[in-house]
Amino acid sequence: MKPLTIVHLFPELLNLYGDGGNVIALRRRCEWRGIPVDVREVGMDDAMDFAHADIVFIGGGADREQLIVKDAMMGRKAELRSYVADGGVLLAVCGGYQFLGHHYTMGDTVVEGLGIVDMETVRGEGRLIGNAAIATDISDVPVVGFENHGGRTNLGAGVQPFGRTLGSTHGNNGSDGGEGVRQGNLIGTYLHGPLLPKNPHVTDHLIARALERRGDACELAPLDDAVELAANRIMAQRIGVA
Ligand code: GLN
């Protein structure tokens with residue numbers, strides 16, 4: 001089988017709270033099933049060809065890193081938009097997620113976004129911090145993680161969140177009960193952790209969509225998820241939702 005190509009965008013700057021662990025989880029869950037994987041780390045000055053990408057990952061970054069990376073990100077705007085429009089699988093976390101919208105406004109500074117999702121983010125008073133859990137269509141157990149963001153994200157009319165907040169989870173804006181976004185084969189979320197090791201259903205969802213898109217059989221062999229699900233359950237218990 002042709003290797004599954006995972007493109008990790010700007011790992012030197014967008015890699016908060018171990019977000020790079022998401023790439024490790026994707027790689028391992030493929031390799032445990034005998035699916036070869038090719039991870040390409042794409043730095044700000046690297047040329048990038050999305051034609052062979054199967055999964056693109058963009059991690060989180062503090063406001064400072066977002067300002068450093070924004071021009072390089074916008075330099076890829078057209079390519080990223082057409083990759084997603086073509087059904088490309090994309091996972092974006094926190095700072096990376098905020099880039100998917102029209103803008104991220106921090107006080108007087110307005111950072112242009114990729115405009116892939118109809119959404120706006122504005123930095124608010126104080127930060128939304130804590131362990132987090134959401135209910136999604138993808139996983140029959142809560143998707144768990146950790147959130148820490150100053151930005152409040154509002155999705156446009158008809159845009160679906162990734163999940164619904166559980167317990168004390170703040171989610172996109174602390175008020176509407178939505179967390180992240182799910183649009184076609186794209187998932188954006190505020191959840192760090194990193195997200196995927198403790199949420200194997202989400203990892204497998206991304207892998208299956210990527211295989212399906214390129215016409216490979218996407219029925220994934222089951223794995224022993226005892227450790228992953230124990231970690232998930234402990235987080236869910238900590239937030240009082242399990
Ligand atoms: N800089 C963004 C915010 O604070 C994202 C932070 C993050 O990636 N955790 O809203």
# chains A, B, ... in the order shown; residues from 1 in each chain; ligands from 1
>>> residues_around(residues="Thr189 (chain A)", least_positions_apart="6", cutoff="8 Å", atoms="only C-alpha atoms", output="list in words")
Ala92, Val93, Cys94, Tyr97, Phe162, Glu179, Gly180 and Val181 of chain A
>>> residues_near_ligand(ligand="ligand 1", cutoff="9 Å", atoms="only C-alpha atoms and all ligand atoms", output="CSV table (one decimal) with N, CA, C and O atoms, in the first residue's frame")
chain,number,residue,atom,x,y,z
A,14,LEU,N,4.2,25.9,15.8
A,14,LEU,CA,2.8,25.6,16.2
A,14,LEU,C,2.8,24.2,16.8
A,14,LEU,O,2.6,23.2,16.2
A,15,ASN,N,3.2,24.1,18.1
A,15,ASN,CA,3.3,22.8,18.8
A,15,ASN,C,3.2,23.0,20.3
A,15,ASN,O,4.1,22.8,21.0
A,16,LEU,N,2.0,23.5,20.7
A,16,LEU,CA,1.8,23.8,22.1
A,16,LEU,C,1.4,22.5,22.9
A,16,LEU,O,0.6,21.7,22.3
A,17,TYR,N,1.7,22.4,24.2
A,17,TYR,CA,1.2,21.3,25.0
A,17,TYR,C,1.4,20.0,24.3
A,17,TYR,O,0.5,19.2,24.4
A,59,GLY,N,-0.9,22.5,14.6
A,59,GLY,CA,-1.0,22.5,16.0
A,59,GLY,C,-1.3,23.9,16.5
A,59,GLY,O,-1.5,24.9,15.8
A,60,GLY,N,-1.3,24.0,17.9
A,60,GLY,CA,-1.6,25.3,18.5
A,60,GLY,C,-0.3,26.2,18.7
A,60,GLY,O,0.8,25.7,18.6
A,61,GLY,N,-0.6,27.4,19.0
A,61,GLY,CA,0.5,28.3,19.3
A,61,GLY,C,0.0,29.5,20.1
A,61,GLY,O,-1.2,29.8,20.0
A,62,ALA,N,0.8,30.1,20.9
A,62,ALA,CA,0.4,31.3,21.6
A,62,ALA,C,0.3,32.5,20.6
A,62,ALA,O,0.7,32.4,19.4
A,63,ASP,N,-0.4,33.6,21.0
A,63,ASP,CA,-0.6,34.7,20.1
A,63,ASP,C,0.8,35.1,19.4
A,63,ASP,O,0.8,35.4,18.3
A,64,ARG,N,1.8,35.1,20.2
A,64,ARG,CA,3.1,35.5,19.7
A,64,ARG,C,3.6,34.6,18.5
A,64,ARG,O,4.0,35.1,17.5
A,65,GLU,N,3.4,33.3,18.6
A,65,GLU,CA,3.8,32.4,17.5
A,65,GLU,C,2.8,32.6,16.3
A,65,GLU,O,3.3,32.5,15.2
A,66,GLN,N,1.6,32.8,16.6
A,66,GLN,CA,0.6,33.0,15.5
A,66,GLN,C,1.1,34.3,14.7
A,66,GLN,O,1.0,34.2,13.5
A,93,VAL,N,-5.6,22.4,15.7
A,93,VAL,CA,-5.8,22.6,17.2
A,93,VAL,C,-5.5,24.0,17.6
A,93,VAL,O,-4.5,24.6,17.2
A,94,CYS,N,-6.4,24.6,18.4
A,94,CYS,CA,-6.3,25.9,19.1
A,94,CYS,C,-5.8,27.0,18.2
A,94,CYS,O,-6.5,27.5,17.3
A,95,GLY,N,-4.5,27.4,18.3
A,95,GLY,CA,-4.0,28.5,17.4
A,95,GLY,C,-4.2,28.1,15.9
A,95,GLY,O,-4.6,28.9,15.1
A,96,GLY,N,-3.9,26.9,15.6
A,96,GLY,CA,-4.1,26.4,14.2
A,96,GLY,C,-5.6,26.4,13.8
A,96,GLY,O,-5.9,26.8,12.7
A,97,TYR,N,-6.4,26.0,14.7
A,97,TYR,CA,-7.9,26.1,14.5
A,97,TYR,C,-8.3,27.5,14.2
A,97,TYR,O,-9.1,27.8,13.3
A,98,GLN,N,-7.8,28.5,15.1
A,98,GLN,CA,-8.2,29.9,14.9
A,98,GLN,C,-7.9,30.4,13.5
A,98,GLN,O,-8.6,31.2,12.9
A,104,TYR,N,-8.5,36.4,13.2
A,104,TYR,CA,-8.3,36.3,14.7
A,104,TYR,C,-8.0,37.7,15.1
A,104,TYR,O,-6.9,38.2,14.8
A,106,MET,N,-6.9,40.3,17.9
A,106,MET,CA,-6.3,40.4,19.3
A,106,MET,C,-6.2,41.9,19.5
A,106,MET,O,-5.2,42.6,19.0
A,121,THR,N,-12.8,34.7,15.3
A,121,THR,CA,-12.2,34.6,16.6
A,121,THR,C,-11.8,36.0,17.1
A,121,THR,O,-11.1,36.7,16.4
A,122,VAL,N,-12.2,36.3,18.3
A,122,VAL,CA,-11.8,37.6,18.9
A,122,VAL,C,-11.3,37.3,20.3
A,122,VAL,O,-11.9,36.5,21.1
A,123,ARG,N,-10.1,37.9,20.7
A,123,ARG,CA,-9.6,37.7,22.0
A,123,ARG,C,-10.5,38.4,23.0
A,123,ARG,O,-10.8,39.6,22.8
A,124,GLY,N,-10.8,37.7,24.1
A,124,GLY,CA,-11.7,38.3,25.1
A,124,GLY,C,-11.0,38.6,26.4
A,124,GLY,O,-9.8,38.5,26.5
A,127,ARG,N,-8.8,34.2,30.2
A,127,ARG,CA,-8.5,33.0,29.4
A,127,ARG,C,-9.5,31.9,29.8
A,127,ARG,O,-9.9,31.8,30.9
A,128,LEU,N,-9.8,31.1,28.8
A,128,LEU,CA,-10.7,29.9,29.1
A,128,LEU,C,-9.8,28.7,29.3
A,128,LEU,O,-9.2,28.2,28.3
A,147,GLU,N,-8.0,22.7,27.6
A,147,GLU,CA,-8.1,24.0,26.8
A,147,GLU,C,-7.5,25.1,27.5
A,147,GLU,O,-7.5,25.2,28.7
A,148,ASN,N,-6.9,26.0,26.8
A,148,ASN,CA,-6.3,27.3,27.3
A,148,ASN,C,-6.2,28.3,26.2
A,148,ASN,O,-5.3,28.3,25.4
A,149,HIS,N,-7.3,29.1,26.1
A,149,HIS,CA,-7.3,30.1,25.0
A,149,HIS,C,-7.9,31.4,25.4
A,149,HIS,O,-8.8,31.4,26.3
A,150,GLY,N,-7.4,32.5,24.9
A,150,GLY,CA,-7.9,33.8,25.1
A,150,GLY,C,-9.0,34.1,24.0
A,150,GLY,O,-9.9,34.9,24.3
A,151,GLY,N,-8.8,33.5,22.9
A,151,GLY,CA,-9.7,33.8,21.8
A,151,GLY,C,-11.1,33.1,22.0
A,151,GLY,O,-11.2,32.0,22.6
A,152,ARG,N,-12.1,33.8,21.6
A,152,ARG,CA,-13.5,33.3,21.6
A,152,ARG,C,-13.9,33.1,20.2
A,152,ARG,O,-13.8,34.1,19.4
A,153,THR,N,-14.3,31.9,19.8
A,153,THR,CA,-14.7,31.7,18.4
A,153,THR,C,-16.2,31.5,18.2
A,153,THR,O,-16.8,30.9,19.0
A,190,TYR,N,-10.2,23.3,20.1
A,190,TYR,CA,-9.4,23.9,21.1
A,190,TYR,C,-8.7,22.8,22.0
A,190,TYR,O,-7.8,23.2,22.8
A,191,LEU,N,-8.9,21.6,21.8
A,191,LEU,CA,-8.4,20.6,22.8
A,191,LEU,C,-7.0,20.1,22.5
A,191,LEU,O,-6.7,19.6,21.5
A,192,HIS,N,-6.2,20.4,23.5
A,192,HIS,CA,-4.8,19.9,23.5
A,192,HIS,C,-4.8,18.6,24.4
A,192,HIS,O,-5.9,18.1,24.8
>>> atom_distance(atom1="CA of Ile134 (chain A)", atom2="CA of Pro200 (chain A)")
14.4 Å
>>> atom_distance(atom1="CA of Ala210 (chain A)", atom2="CA of Asp54 (chain A)")
5.5 Å
>>> atom_distance(atom1="CA of Pro161 (chain A)", atom2="CA of Asp224 (chain A)")
29.1 Å
>>> closest_residue(among="A:Pro11, A:Gly240, A:Gly184, A:Pro36", to="Arg209 (chain A)", atoms="only C-alpha atoms")
A:Gly184
>>> select_by_dssp(residues="region 13-223 of chain A", states="strand (DSSP E or B)", output="PyMOL selection string")
chain A and resi 37-42+55-58+89-93+103-106+109-112+119-135+143-155+163-166+178-179+181-183+186-189+192
>>> closest_residue(among="A:Phe146, A:Asn185, A:Asp225, A:Gly171", to="Arg238 (chain A)", atoms="only C-alpha atoms")
A:Phe146
>>> residues_around(residues="Met235 (chain A)", least_positions_apart="2", cutoff="12 Å", atoms="only C-alpha atoms", output="list in words")
Gly130, Asn131, Ala132, Ala133, Ile134, Val141, Pro142, Val143, Val144, Gly145, Phe146, Gly167, Gly193, Leu195, Lys198, Asn199, Glu228, Leu229, Ala230, Ala231, Asn232, Arg233, Gln237, Arg238, Ile239, Gly240, Val241 and Ala242 of chain A
>>> closest_residue(among="A:Ala25, A:Ala157, A:Val117, A:Ala78", to="Pro197 (chain A)", atoms="only C-alpha atoms")
A:Ala25
>>> closest_residue(among="A:Asp137, A:Glu79, A:Glu31, A:Glu219", to="Ala53 (chain A)", atoms="only C-alpha atoms")
A:Glu79
>>> select_by_dssp(residues="region 52-199 of chain A", states="helix (DSSP H, G or I)", output="ChimeraX atom specification")
/A:52,63-75,77-85,95-98,196-198
>>> residues_around(residues="Arg214 (chain A)", least_positions_apart="5", cutoff="12 Å", atoms="only C-alpha atoms", output="count of residues only")
17
